[in-house]
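Raw protein-v4.cif, mmCIF, C-alpha atoms:
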data_query
loop_
_atom_site.label_atom_id
_atom_site.label_comp_id
_atom_site.auth_asym_id
_atom_site.auth_seq_id
_atom_site.Cartn_x
_atom_site.Cartn_y
_atom_site.Cartn_z
CA MET Q 1 30.54 62.66 -268.34
CA GLY Q 2 29.78 60.68 -271.47
CA LEU Q 3 26.91 61.30 -273.79
CA THR Q 4 23.69 62.89 -272.56
CA ILE Q 5 20.40 63.12 -274.42
CA ILE Q 6 18.28 66.06 -273.32
CA LYS Q 7 14.94 64.87 -271.96
CA TYR Q 8 12.01 67.15 -272.73
CA ASN Q 9 8.46 66.98 -274.03
CA ALA Q 10 9.28 66.51 -277.71
CA GLY Q 11 11.66 63.61 -277.81
CA ASN Q 12 11.66 60.47 -279.84
CA ILE Q 13 14.38 59.30 -277.56
CA GLN Q 14 14.00 55.55 -277.72
CA SER Q 15 15.00 55.32 -281.39
CA VAL Q 16 18.06 57.45 -280.76
CA LEU Q 17 19.08 55.27 -277.82
CA TYR Q 18 18.72 52.12 -279.91
CA ALA Q 19 20.74 53.62 -282.77
CA LEU Q 20 23.51 54.48 -280.33
CA GLU Q 21 23.32 50.99 -278.81
CA ARG Q 22 23.81 49.52 -282.32
CA ILE Q 23 27.11 51.41 -282.62
CA GLY Q 24 28.13 50.36 -279.12
CA VAL Q 25 27.50 53.65 -277.28
CA SER Q 26 25.41 54.14 -274.17
CA ALA Q 27 23.84 57.45 -273.24
CA GLU Q 28 22.12 59.04 -270.26
CA VAL Q 29 18.72 60.65 -270.78
CA SER Q 30 18.39 63.65 -268.49
CA ASP Q 31 16.89 67.07 -267.90
CA ASP Q 32 19.21 67.69 -264.94
CA PRO Q 33 21.25 70.85 -265.71
CA GLN Q 34 24.34 69.61 -263.87
CA GLN Q 35 24.42 66.39 -265.80
CA ILE Q 36 23.85 68.08 -269.17
CA ILE Q 37 26.59 70.65 -268.53
CA ALA Q 38 29.02 67.94 -267.42
CA ALA Q 39 28.43 65.70 -270.48
CA ASP Q 40 31.17 65.31 -273.10
CA LYS Q 41 28.57 65.44 -275.85
CA VAL Q 42 24.91 66.34 -275.93
CA ILE Q 43 22.14 65.18 -278.27
CA PHE Q 44 19.05 67.37 -278.53
CA PRO Q 45 16.41 65.22 -280.27
CA GLY Q 46 12.89 66.22 -281.13
CA VAL Q 47 9.67 65.22 -282.76
CA GLY Q 48 6.74 67.51 -282.14
CA GLU Q 49 5.62 71.10 -282.37
CA ALA Q 50 7.96 74.09 -281.98
CA SER Q 51 6.05 76.47 -279.66
CA THR Q 52 5.08 73.75 -277.18
CA ALA Q 53 8.66 72.54 -277.07
CA MET Q 54 10.12 76.07 -276.63
CA ASN Q 55 7.67 76.89 -273.83
CA TYR Q 56 8.65 73.72 -272.06
CA LEU Q 57 12.35 74.53 -272.39
CA ARG Q 58 11.85 78.15 -271.20
CA ASP Q 59 9.77 77.12 -268.20
CA ARG Q 60 12.63 74.93 -267.05
CA LYS Q 61 15.37 77.40 -268.07
CA LEU Q 62 16.75 74.73 -270.38
CA ASP Q 63 16.83 77.36 -273.17
CA LEU Q 64 19.60 79.34 -271.43
CA LEU Q 65 21.37 76.14 -270.50
CA ILE Q 66 21.43 74.83 -274.09
CA ARG Q 67 22.65 78.18 -275.46
CA GLY Q 68 25.56 78.13 -273.02
CA LEU Q 69 26.80 74.62 -273.82
CA LYS Q 70 30.45 74.38 -274.87
CA GLN Q 71 30.73 70.70 -275.77
CA PRO Q 72 29.58 69.31 -279.16
CA VAL Q 73 25.78 69.43 -279.39
CA LEU Q 74 23.73 67.64 -282.06
CA GLY Q 75 20.14 68.74 -282.67
CA ILE Q 76 18.00 66.24 -284.58
CA CYS Q 77 14.90 67.21 -286.61
CA LEU Q 78 12.83 69.52 -284.37
CA GLY Q 79 15.95 69.77 -282.17
CA MET Q 80 17.80 71.33 -285.12
CA GLN Q 81 14.91 73.69 -285.87
CA LEU Q 82 14.82 74.86 -282.25
CA LEU Q 83 18.49 75.81 -282.55
CA CYS Q 84 17.55 78.24 -285.36
CA SER Q 85 16.48 81.85 -284.82
CA HIS Q 86 12.76 81.59 -285.53
CA SER Q 87 10.15 79.09 -286.70
CA GLU Q 88 6.99 79.82 -288.65
CA GLU Q 89 5.39 76.97 -286.72
CA ASN Q 90 3.10 79.01 -284.45
CA ASP Q 91 5.43 82.02 -284.95
CA THR Q 92 7.98 80.79 -282.43
CA ASP Q 93 11.22 82.49 -281.38
CA CYS Q 94 13.78 79.73 -281.03
CA LEU Q 95 17.22 79.43 -279.45
CA GLY Q 96 19.06 81.56 -282.00
CA ILE Q 97 22.25 79.54 -282.31
CA PHE Q 98 21.87 79.36 -286.09
CA ALA Q 99 20.82 82.54 -287.91
CA GLU Q 100 18.70 80.52 -290.35
CA ARG Q 101 14.92 80.74 -290.10
CA VAL Q 102 12.49 77.82 -290.19
CA LYS Q 103 9.66 78.04 -292.72
CA LYS Q 104 6.67 75.95 -293.71
CA PHE Q 105 6.80 73.91 -296.90
CA VAL Q 106 4.33 75.31 -299.40
CA PRO Q 107 3.41 72.74 -302.07
CA ASP Q 108 3.80 74.16 -305.58
CA GLN Q 109 2.47 73.22 -309.01
CA THR Q 110 4.73 70.17 -309.09
CA ALA Q 111 2.14 68.94 -306.56
CA LEU Q 112 4.56 67.85 -303.92
CA LYS Q 113 3.06 66.62 -300.70
CA THR Q 114 3.77 67.89 -297.23
CA PRO Q 115 5.10 66.93 -294.83
CA GLN Q 116 8.04 65.41 -296.63
CA ILE Q 117 8.18 61.75 -295.62
CA GLY Q 118 10.90 59.49 -296.90
CA TRP Q 119 14.44 59.24 -298.21
CA ASN Q 120 16.10 62.20 -299.88
CA THR Q 121 19.69 63.03 -300.82
CA ILE Q 122 22.09 65.35 -299.03
CA CYS Q 123 24.80 67.30 -300.88
CA GLY Q 124 27.30 70.13 -300.43
CA LEU Q 125 28.58 68.25 -297.38
CA LYS Q 126 30.92 70.19 -295.09
CA THR Q 127 32.59 69.64 -291.70
CA ARG Q 128 33.79 66.46 -290.01
CA LEU Q 129 30.19 65.49 -289.28
CA PHE Q 130 30.10 64.16 -292.85
CA ASP Q 131 33.54 62.52 -292.92
CA ALA Q 132 33.43 59.57 -295.33
CA VAL Q 133 29.78 60.25 -296.21
CA PRO Q 134 29.51 60.37 -300.03
CA GLU Q 135 27.76 63.30 -301.72
CA ASN Q 136 24.12 62.51 -302.56
CA SER Q 137 23.75 59.88 -299.85
CA TYR Q 138 20.16 59.20 -298.88
CA CYS Q 139 18.83 60.07 -295.43
CA TYR Q 140 15.39 59.64 -293.89
CA PHE Q 141 13.32 62.82 -293.43
CA VAL Q 142 9.93 63.47 -291.82
CA HIS Q 143 9.11 67.19 -291.59
CA GLY Q 144 6.67 69.88 -292.62
CA TYR Q 145 8.98 72.82 -291.85
CA TYR Q 146 12.50 73.45 -293.14
CA ALA Q 147 15.45 75.73 -292.39
CA ASP Q 148 16.53 78.12 -295.14
CA LEU Q 149 19.93 77.93 -296.72
CA GLY Q 150 22.36 80.28 -294.97
CA MET Q 151 25.84 80.91 -293.63
CA HIS Q 152 25.62 77.93 -291.27
CA THR Q 153 24.43 75.40 -293.86
CA ILE Q 154 26.69 72.32 -294.03
CA ALA Q 155 24.41 70.07 -296.12
CA GLU Q 156 21.61 70.75 -298.59
CA THR Q 157 18.53 68.83 -299.64
CA ASP Q 158 16.02 69.69 -302.36
CA TYR Q 159 12.30 69.36 -301.71
CA ILE Q 160 10.20 71.99 -303.49
CA LYS Q 161 13.36 74.12 -303.12
CA PRO Q 162 16.88 73.65 -301.74
CA TYR Q 163 17.06 73.97 -297.94
CA SER Q 164 19.42 73.17 -295.05
CA ALA Q 165 19.69 69.46 -294.33
CA ALA Q 166 22.31 70.25 -291.69
CA LEU Q 167 23.70 73.33 -289.92
CA ASN Q 168 26.82 74.06 -287.89
CA ARG Q 169 28.09 76.92 -285.80
CA ASP Q 170 31.06 76.43 -283.45
CA ASN Q 171 30.22 73.41 -281.26
CA PHE Q 172 26.57 73.25 -282.37
CA TYR Q 173 25.43 70.87 -285.12
CA GLY Q 174 21.93 70.19 -286.34
CA VAL Q 175 20.51 67.69 -288.83
CA GLN Q 176 17.00 67.86 -290.26
CA PHE Q 177 16.94 64.15 -291.12
CA HIS Q 178 16.88 61.26 -288.65
CA PRO Q 179 20.36 59.71 -288.51
CA GLU Q 180 18.95 57.11 -286.11
CA LYS Q 181 16.70 55.85 -288.94
CA SER Q 182 18.98 56.47 -291.91
CA ALA Q 183 20.56 53.02 -292.23
CA GLU Q 184 24.37 52.91 -292.61
CA THR Q 185 24.63 56.56 -293.64
CA GLY Q 186 22.95 57.61 -290.41
CA SER Q 187 25.15 55.40 -288.21
CA GLY Q 188 28.20 56.89 -289.91
CA ILE Q 189 27.05 60.43 -289.13
CA LEU Q 190 26.33 59.55 -285.49
CA LYS Q 191 29.80 58.00 -285.21
CA ASN Q 192 31.32 61.13 -286.71
CA PHE Q 193 29.51 63.30 -284.17
CA LEU Q 194 30.73 61.10 -281.33
CA SER Q 195 34.32 61.40 -282.52
CA LEU Q 196 34.27 65.24 -282.82
CA MET R 1 14.74 64.44 -304.93
CA LEU R 2 12.51 62.45 -302.65
CA ALA R 3 12.81 58.76 -303.49
CA LYS R 4 9.97 56.34 -304.11
CA ARG R 5 9.86 53.77 -301.33
CA ILE R 6 9.85 49.98 -301.43
CA ILE R 7 8.19 48.54 -298.33
CA PRO R 8 8.14 44.84 -297.45
CA CYS R 9 5.17 43.98 -295.26
CA LEU R 10 5.34 41.27 -292.63
CA ASP R 11 2.04 39.85 -291.42
CA ILE R 12 2.59 38.40 -287.99
CA LYS R 13 0.59 35.66 -286.34
CA ASP R 14 1.69 34.26 -282.99
CA GLY R 15 5.14 35.77 -283.44
CA ARG R 16 5.78 34.30 -286.92
CA THR R 17 5.56 35.91 -290.35
CA VAL R 18 2.71 34.49 -292.42
CA LYS R 19 1.48 35.09 -295.93
CA GLY R 20 -1.85 34.18 -297.48
CA THR R 21 -3.74 34.82 -300.67
CA HIS R 22 -6.77 37.05 -300.66
CA PHE R 23 -6.42 37.39 -296.89
CA VAL R 24 -6.76 33.59 -296.31
CA ASN R 25 -4.69 30.36 -296.60
CA LEU R 26 -1.88 31.52 -294.36
CA ARG R 27 1.56 30.02 -294.88
CA ASP R 28 4.55 30.34 -292.55
CA ALA R 29 7.19 32.72 -293.90
CA GLY R 30 9.76 32.91 -291.14
CA ASP R 31 10.93 34.88 -288.13
CA PRO R 32 9.82 38.52 -288.44
CA LEU R 33 12.92 39.94 -286.80
CA GLU R 34 15.27 37.94 -289.01
CA LEU R 35 13.33 38.78 -292.17
CA GLY R 36 13.07 42.45 -291.25
CA ALA R 37 16.80 42.73 -290.65
CA GLN R 38 17.51 40.97 -293.93
CA TYR R 39 15.23 43.37 -295.84
CA ALA R 40 16.84 46.38 -294.18
CA SER R 41 20.28 45.17 -295.21
CA GLU R 42 19.07 44.57 -298.77
CA GLY R 43 17.91 48.16 -299.06
CA ALA R 44 14.23 48.18 -298.03
CA ASP R 45 13.19 51.76 -297.33
CA GLU R 46 10.73 50.97 -294.57
CA LEU R 47 9.04 47.96 -293.05
CA VAL R 48 5.44 47.35 -292.06
CA PHE R 49 4.57 44.79 -289.38
CA LEU R 50 0.90 43.86 -289.16
CA ASP R 51 -0.14 41.75 -286.21
CA ILE R 52 -3.08 39.84 -287.58
CA THR R 53 -3.79 38.03 -284.34
CA ALA R 54 -3.73 41.16 -282.24
CA THR R 55 -5.88 40.56 -279.20
CA VAL R 56 -5.72 42.20 -275.82
CA GLU R 57 -3.75 39.40 -274.19
CA LYS R 58 -1.25 39.33 -277.06
CA ARG R 59 -0.54 43.05 -276.96
CA LYS R 60 2.32 42.70 -274.51
CA THR R 61 3.92 40.13 -276.80
CA LEU R 62 3.62 42.56 -279.71
CA SER R 63 5.26 45.41 -277.82
CA GLU R 64 8.14 43.10 -276.90
CA LEU R 65 8.56 42.10 -280.54
CA VAL R 66 8.48 45.79 -281.52
CA ARG R 67 11.19 46.51 -278.98
CA ARG R 68 13.39 43.74 -280.41
CA ILE R 69 12.80 45.02 -283.94
CA ALA R 70 13.57 48.63 -283.00
CA ARG R 71 16.82 47.59 -281.32
CA GLN R 72 18.07 45.82 -284.40
CA ILE R 73 16.67 47.64 -287.42
CA ASN R 74 18.10 50.94 -288.66
CA ILE R 75 15.25 52.03 -290.97
CA PRO R 76 11.77 53.28 -290.10
CA PHE R 77 8.95 50.84 -289.46
CA THR R 78 5.19 50.90 -288.98
CA VAL R 79 3.22 48.61 -286.69
CA GLY R 80 -0.45 47.83 -287.11
CA GLY R 81 -3.09 45.36 -286.05
CA GLY R 82 -5.76 45.74 -283.41
CA ILE R 83 -4.80 49.28 -282.43
CA SER R 84 -7.81 51.10 -281.03
CA SER R 85 -6.68 53.60 -278.42
CA VAL R 86 -4.16 56.30 -277.51
CA GLU R 87 -2.73 53.89 -274.91
CA ASP R 88 -2.10 51.19 -277.54
CA VAL R 89 -0.21 53.70 -279.67
CA GLN R 90 1.73 55.12 -276.75
CA ILE R 91 3.01 51.62 -275.89
CA LEU R 92 4.07 50.85 -279.47
CA LEU R 93 5.78 54.20 -280.05
CA ASN R 94 7.55 53.94 -276.70
CA SER R 95 8.70 50.48 -277.73
CA GLY R 96 10.38 52.07 -280.75
CA ALA R 97 7.85 51.96 -283.60
CA ASP R 98 8.09 55.01 -285.88
CA LYS R 99 4.51 54.94 -287.09
CA ILE R 100 1.36 53.00 -286.38
CA SER R 101 -1.42 52.03 -288.74
CA VAL R 102 -5.12 51.91 -287.98
CA ASN R 103 -7.84 50.33 -290.07
CA THR R 104 -11.15 48.89 -288.77
CA SER R 105 -10.99 50.68 -285.40
CA ALA R 106 -10.60 54.05 -287.13
CA PHE R 107 -13.52 53.35 -289.45
CA ARG R 108 -15.76 52.41 -286.52
CA ASN R 109 -14.54 55.39 -284.47
CA PRO R 110 -13.22 58.09 -286.86
CA GLY R 111 -12.52 60.43 -283.93
CA LEU R 112 -9.63 58.09 -283.10
CA ILE R 113 -7.64 59.52 -286.02
CA GLN R 114 -7.92 63.06 -284.64
CA GLU R 115 -7.08 61.90 -281.14
CA LEU R 116 -3.98 60.07 -282.35
CA SER R 117 -2.76 62.82 -284.67
CA ARG R 118 -3.19 65.47 -281.96
CA GLU R 119 -1.37 63.36 -279.43
CA PHE R 120 1.47 62.01 -281.58
CA GLY R 121 1.47 64.04 -284.83
CA SER R 122 0.07 63.15 -288.24
CA GLN R 123 3.46 61.95 -289.43
CA CYS R 124 3.15 58.75 -287.42
CA ILE R 125 -0.49 57.93 -288.18
CA VAL R 126 -1.01 55.70 -291.22
CA LEU R 127 -4.58 54.99 -292.29
CA ALA R 128 -4.75 51.51 -293.81
CA ILE R 129 -7.69 50.90 -296.12
CA ASP R 130 -8.69 47.53 -297.58
CA ALA R 131 -10.71 48.29 -300.69
CA LYS R 132 -12.56 46.20 -303.23
CA LYS R 133 -13.90 47.16 -306.63
CA GLU R 134 -17.47 45.95 -306.94
CA GLU R 135 -19.45 45.20 -310.07
CA ASP R 136 -20.84 48.74 -310.06
CA GLY R 137 -17.30 49.92 -310.80
CA PHE R 138 -16.81 51.68 -307.46
CA TRP R 139 -14.23 50.94 -304.79
CA TYR R 140 -15.69 50.16 -301.35
CA VAL R 141 -14.05 49.98 -297.93
CA TYR R 142 -13.85 46.56 -296.29
CA LEU R 143 -13.17 45.92 -292.61
CA ASN R 144 -11.92 43.14 -290.35
CA GLY R 145 -9.12 42.03 -292.67
CA GLY R 146 -11.40 42.07 -295.68
CA ARG R 147 -14.26 40.07 -294.20
CA ALA R 148 -16.84 42.84 -293.75
CA LYS R 149 -18.09 45.06 -296.55
CA THR R 150 -19.17 48.62 -295.90
CA GLU R 151 -21.15 51.02 -298.05
CA LYS R 152 -18.43 53.68 -297.79
CA LEU R 153 -16.51 54.58 -300.94
CA CYS R 154 -12.75 54.25 -300.62
CA VAL R 155 -12.11 57.78 -301.97
CA ASP R 156 -14.50 59.33 -299.45
CA TRP R 157 -13.03 57.49 -296.49
CA ALA R 158 -9.45 58.26 -297.57
CA ARG R 159 -10.25 61.98 -297.89
CA GLU R 160 -12.02 62.02 -294.54
CA GLY R 161 -9.12 60.19 -292.90
CA VAL R 162 -6.63 62.75 -294.20
CA GLU R 163 -8.86 65.63 -293.07
CA ARG R 164 -8.97 64.04 -289.63
CA GLY R 165 -5.19 63.90 -289.49
CA ALA R 166 -3.89 60.71 -291.12
CA GLY R 167 -0.38 61.38 -292.43
CA GLU R 168 -0.27 58.56 -295.01
CA ILE R 169 -2.68 56.20 -296.71
CA LEU R 170 -1.85 52.51 -297.08
CA LEU R 171 -4.21 51.31 -299.79
CA THR R 172 -4.66 47.56 -300.31
CA SER R 173 -6.70 46.35 -303.26
CA MET R 174 -8.45 43.14 -302.29
CA ASN R 175 -9.11 42.42 -305.97
CA HIS R 176 -5.37 42.42 -306.64
CA ASP R 177 -3.89 41.13 -303.37
CA GLY R 178 -2.13 37.81 -303.85
CA ALA R 179 -2.91 37.61 -307.57
CA ARG R 180 0.48 39.03 -308.64
CA LYS R 181 -0.96 40.61 -311.75
CA GLY R 182 -0.08 44.19 -310.87
CA PHE R 183 -1.33 46.87 -308.51
CA ALA R 184 -4.72 48.61 -308.71
CA LEU R 185 -3.60 51.52 -310.85
CA ASP R 186 -6.91 53.39 -311.09
CA ILE R 187 -7.74 53.79 -307.41
CA THR R 188 -4.09 54.30 -306.46
CA ARG R 189 -3.80 57.11 -309.01
CA GLU R 190 -7.05 58.65 -307.89
CA LEU R 191 -5.94 58.83 -304.26
CA SER R 192 -2.34 59.71 -304.95
CA THR R 193 -3.09 62.64 -307.23
CA SER R 194 -5.90 64.09 -305.12
CA LEU R 195 -4.64 63.75 -301.54
CA PRO R 196 -1.94 65.96 -299.96
CA VAL R 197 -0.30 62.99 -298.20
CA PRO R 198 1.73 60.03 -299.47
CA VAL R 199 -0.09 56.96 -300.76
CA ILE R 200 1.40 53.49 -300.33
CA ALA R 201 0.10 51.05 -302.94
CA SER R 202 -0.41 47.47 -301.80
CA GLY R 203 -1.73 44.28 -303.34
CA GLY R 204 -0.80 42.69 -306.63
CA GLY R 205 2.91 43.34 -307.08
CA GLY R 206 4.22 40.16 -308.70
CA ARG R 207 6.81 41.30 -311.23
CA MET R 208 9.26 44.18 -311.26
CA GLU R 209 7.28 45.85 -314.08
CA HIS R 210 4.31 46.14 -311.74
CA PHE R 211 6.29 48.35 -309.41
CA LEU R 212 7.44 50.54 -312.30
CA GLU R 213 3.81 50.86 -313.43
CA VAL R 214 2.47 51.86 -310.05
CA PHE R 215 5.10 54.60 -309.72
CA VAL R 216 4.89 55.91 -313.29
CA GLN R 217 1.23 55.42 -314.14
CA ALA R 218 -0.39 55.72 -310.71
CA SER R 219 2.01 58.21 -309.04
CA ALA R 220 2.25 56.05 -305.91
CA ASP R 221 4.70 57.38 -303.34
CA ALA R 222 5.58 53.91 -302.12
CA ALA R 223 4.81 50.31 -303.01
CA LEU R 224 4.29 47.53 -300.52
CA ALA R 225 4.50 43.79 -301.04
CA ALA R 226 4.91 40.68 -298.93
CA GLY R 227 4.97 37.17 -300.40
CA ILE R 228 7.18 37.93 -303.39
CA PHE R 229 9.86 39.15 -300.98
CA HIS R 230 9.34 36.46 -298.32
CA PHE R 231 9.67 33.59 -300.76
CA GLY R 232 12.58 35.20 -302.59
CA GLU R 233 10.81 35.62 -305.92
CA ILE R 234 11.96 39.21 -306.24
CA GLY R 235 15.09 40.46 -304.49
CA ILE R 236 14.79 43.95 -303.07
CA ARG R 237 18.19 44.94 -304.41
CA ASP R 238 17.33 43.67 -307.92
CA LEU R 239 14.00 45.47 -307.84
CA LYS R 240 15.59 48.76 -306.80
CA ASN R 241 18.30 48.49 -309.46
CA TYR R 242 15.63 47.80 -312.07
CA LEU R 243 13.58 50.82 -311.00
CA SER R 244 16.64 53.05 -310.88
CA ASN R 245 17.63 51.90 -314.40
CA ASN R 246 14.13 52.90 -315.49
CA ASN R 247 14.63 56.45 -314.21
CA ILE R 248 12.65 56.10 -311.00
CA GLU R 249 14.15 58.08 -308.13
CA ILE R 250 15.11 55.30 -305.77
CA ARG R 251 17.55 54.84 -302.90
CA ILE R 252 20.33 52.43 -303.80
CA GLY R 253 22.71 51.43 -301.07
#
Would you kindly transcribe this structure into structure tokens?
Amino acid sequence: MGLTIIKYNAGNIQSVLYALERIGVSAEVSDDPQQIIAADKVIFPGVGEASTAMNYLRDRKLDLLIRGLKQPVLGICLGMQLLCSHSEENDTDCLGIFAERVKKFVPDQTALKTPQIGWNTICGLKTRLFDAVPENSYCYFVHGYYADLGMHTIAETDYIKPYSAALNRDNFYGVQFHPEKSAETGSGILKNFLSL
Amino acid sequence: MLAKRIIPCLDIKDGRTVKGTHFVNLRDAGDPLELGAQYASEGADELVFLDITATVEKRKTLSELVRRIARQINIPFTVGGGISSVEDVQILLNSGADKISVNTSAFRNPGLIQELSREFGSQCIVLAIDAKKEEDGFWYVYLNGGRAKTEKLCVDWAREGVERGAGEILLTSMNHDGARKGFALDITRELSTSLPVPVIASGGGGRMEHFLEVFVQASADAALAAGIFHFGEIGIRDLKNYLSNNNIEIRIG
């Protein structure tokens, strides 16, 4: 029951827990399949490297478990990328919920730096995840890989080129930015997810 | 577009925010948690907390303060001061810090940067450099809060730090710090246009024009200041409106 955060080897879980605490929500942190399946909502966080994280999930059969979830699931940052089909980060096959592929930022002549670190705008906002979030709101990003634009894109950001800031398919949502660190905009998005 | 960042820095001594000039003459500037929360609500993009009394016995106190900050503050923050091992960083990140900064310890043991970036990722490792322009016209690295000169050039150390895995450079000009006559544009520009990671300019911001200068003329990715914010001489909201009105990409809200 309630909200469960998936515990694995690539979490920045403490910040997510504090952000939830600030909006008055408590969550369980667990890698127990029964508890994850029974949760009303699941958050799949992640800071780290894709292949290490996928191997960890496969070894514990959490990959199959996550794919089979029916309740609303929110992947954050690496969590979102792992829900995509494939990542260029160490040529990793991911969970395949979203058809979009994850690619490495390649700096161009505008001399942009990678990884992207800082506040950038999100636009083309779709689904209830972004209820009451104005177009071009700023969110906090830290990432060297990005998901392409595609059929599951529900928010776009431009860094070197436009890419998916958020994805959705059925009950699965993913955000590339860190809502837990994105001031009021981020709290609003977390609240929206919790009220799906 | 990625926004330029405004970063208030809180120097902490015995649990209080302090501010000095040229690294000395410390004055009390309030409760770090209260100040940090106020800056976040005024639109600061990030916060930096530097524990300038960091000693082994105080480390537990720092991690408790970090925990209190992380609970309350909804923007990213960096913690620095006396960090010299993977264990130190593990404790601070587990307490809720988003990034950590290393300075003297990394200079004395450059392998630390690799160790930390392998363990936690470059994105959370900030290399802080205190630099001073000498009469020969070159910028040298200083250690121990500006008290010890080295023979290493700032550009060389910054490049080495990035090659070893630092994800950002926090560059403080000792010539400019506390003087409020503007940032060190030359060295900031040199680092910012040659390194593949963000450069945070620090030291010398006294008027809003200085921030505009460091973004436009020196291509800084972020600008950091302390006293002018602590003593209310420049409001963060006013500064961001000013920069936005001058066509700098900046987060308002």
Expand the PyMOL selection byres ((chain R) within 10 of (chain Q)) into the individual residues it matches in the shown file, reporting them as a PyMOL selection string. chain R and resi 1-5+40-41+43-46+67-68+70-77+93-98+119-124+167-168+192-198+221-222+249-253
Who sits within 12 Å of stretch 86-88 of chain R, all atoms listed in the file, same chain under 4 positions skipped, as a ChimeraX atom specification: /R:54-56,58-60,62-63,79-82,92-95,97,100-102,105-106,111-120,125
Contacts of stretch 137-141 of chain R within 12 Å, only C-alpha atoms, excl. fewer than 3 positions in-chain, as a PyMOL selection string: chain R and resi 103-104+107-108+128-134+144-158+171-175+184+186-188+190-191
Please write as JSON, numbers by chain the full residue list that the PyMOL selection byres ((chain Q and resi 154) around 9) yields on this file. {"Q": [123, 124, 125, 126, 127, 130, 151, 152, 153, 155, 156, 164, 165, 166, 167, 168]}
Using all atoms listed in the file for the distances, tell me which of Q:Asn171, Q:Thr92, Q:Asn55, Q:Gln176 is nearest to Q:Val42.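 Selected residue with least distance to Q:Val42: Q:Asn171.
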Report as AutoDock Vina command-line options the centre and the edge lengths, in Å to one decimal, of the axis-aligned box holding every listed atom of stretch 174-181 of chain R, padded by 5 Å on each side.
--center_x -4.3 --center_y 40.4 --center_z -307.0 --size_x 19.6 --size_y 15.5 --size_z 19.5
Pick from Q:Tyr163, Q:Tyr173, Q:Tyr145, Q:Phe44: nearest to Q:Ile97, with only C-alpha atoms counted? Q:Tyr173
Which residue gives the smallest distance to Q:Gln34 among Q:Leu69, Q:Leu194, Q:Leu149, Q:Leu74, with only C-alpha atoms counted?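 Looking at the shortest contact to Q:Gln34, the residue is Q:Leu69.
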For a test of reading the model, state the distance in Å between atom CA of R:Ile200 and atom CA of Q:Ile189, rounded to one decimal.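 Atom CA of R:Ile200 sits 28.8 Å away from atom CA of Q:Ile189.
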Between atom CA of R:Ala179 and atom CA of R:Gly204, what is the spacing in Å?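 About the pair atom CA of R:Gly204 and atom CA of R:Ala179: they are 5.6 Å apart.
Point (-3.5, 43.3, -315.8) has the following residues at most 12 Å away: Asn175, His176, Ala179, Arg180, Lys181, Gly182, Phe183, Ala184, Leu185, Asp186, Gly204, Gly205, Gly206, Arg207, Glu209, His210, Glu213 and Val214 of chain R (atoms considered: all atoms listed in the file).
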Atom pair atom CA of Q:Arg60 / atom CA of Q:Pro33: separation (Å): 9.6 Å
For the structure shown, which residues end up in the PyMOL selection byres ((chain Q and resi 73) around 12)? Put them as a PyMOL selection string, please? chain Q and resi 3-6+36-37+39-45+65-72+74-76+79-80+83+97+129+167-175+190+193-194+196
Which residue of Q:Lys191, Q:Arg101, Q:Lys7, Q:His86 approaches Q:Tyr56 most closely, using only C-alpha atoms: Q:Lys7
